[in-house]
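Here is the structure we will look at.
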Amino acid sequence: MDAKMQATLEAHFATGKKHKRPYHYAAQRCVLDNIKKYQGVEFSVRTYNRKQRLLEDQGFIKRTQRGMRGKDGRFRPGSTLTHLTGKAFNYMAGVLRKALNIFSFYRMPKMAQYRFNTTGYLSVVGKVSGLVDSILSKGSPSGSLSCGLSPPPDPAK
């Protein structure tokens with residue numbers, strides 16, 4: 001999976017998380033604006049659609065075109081409903097697991113934690129570990145991937 005596909009998948013997760021659902025029906029422009037704002041990746045609507053199609057072909061998402069019939073009997077397209085599949089949740093749990101493996105090097109013994117003002121950074125590893133365990137144990141999306149991370153304490157206090 002390339003960086004733009006991963007950015008698109010993460011944007012789907014963030015949009016679904018906002019409404020506490022494993023799906024969303026946000027407009028393309030809205031999702032692209034969020035990708036640019038939060039991930040710093042900018043690409044065109046056409047590239048976004050190609051990445052969407054690849055994610056759908058690989059089984060990460062499922063899209064449903066919604067719409068209605070007009071008075072003249074023609075189909076008038078509406079929003080597209082984007083479902084996150086179990087494969088997408090498993091992939092993101094794998095990404096979290098990799099991050100946990102990287103940050104597990106920075107663990108310190110509990111006895112030494114009183115010496116530093118930056119112990120808030122060390123507690124992130126435990127929270128991510130708990131998040132990965134909860135995702136893997138449930139087997140199905142809970143709709144919310146909030147791991148409850150709080151900013152580190154201010155060393156000036």
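Every chain in the structure tokens takes a letter, A first, then B, and so on in the order presented; its residues are numbered from 1, and the ligands are numbered from 1 following the presented order.
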
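Residues lying within 9 Å of Gly67 in chain A, counting only C-alpha atoms and ignoring same-chain neighbours fewer than 6 positions away, are Phe75, Arg76, Pro77, Gly78, Ser79 and Thr80 of chain A.
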
List the spatial neighbours of Glu56 in chain A as a ChimeraX atom specification - criterion: any atom at most 12 Å away, only C-alpha atoms, same-chain residues fewer than 2 positions off excluded. /A:5,8-9,49-54,58-64,82-85,87-88

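Put simply, CA of Met92 in chain A is 22.8 Å away from CA of Ala27 in chain A.
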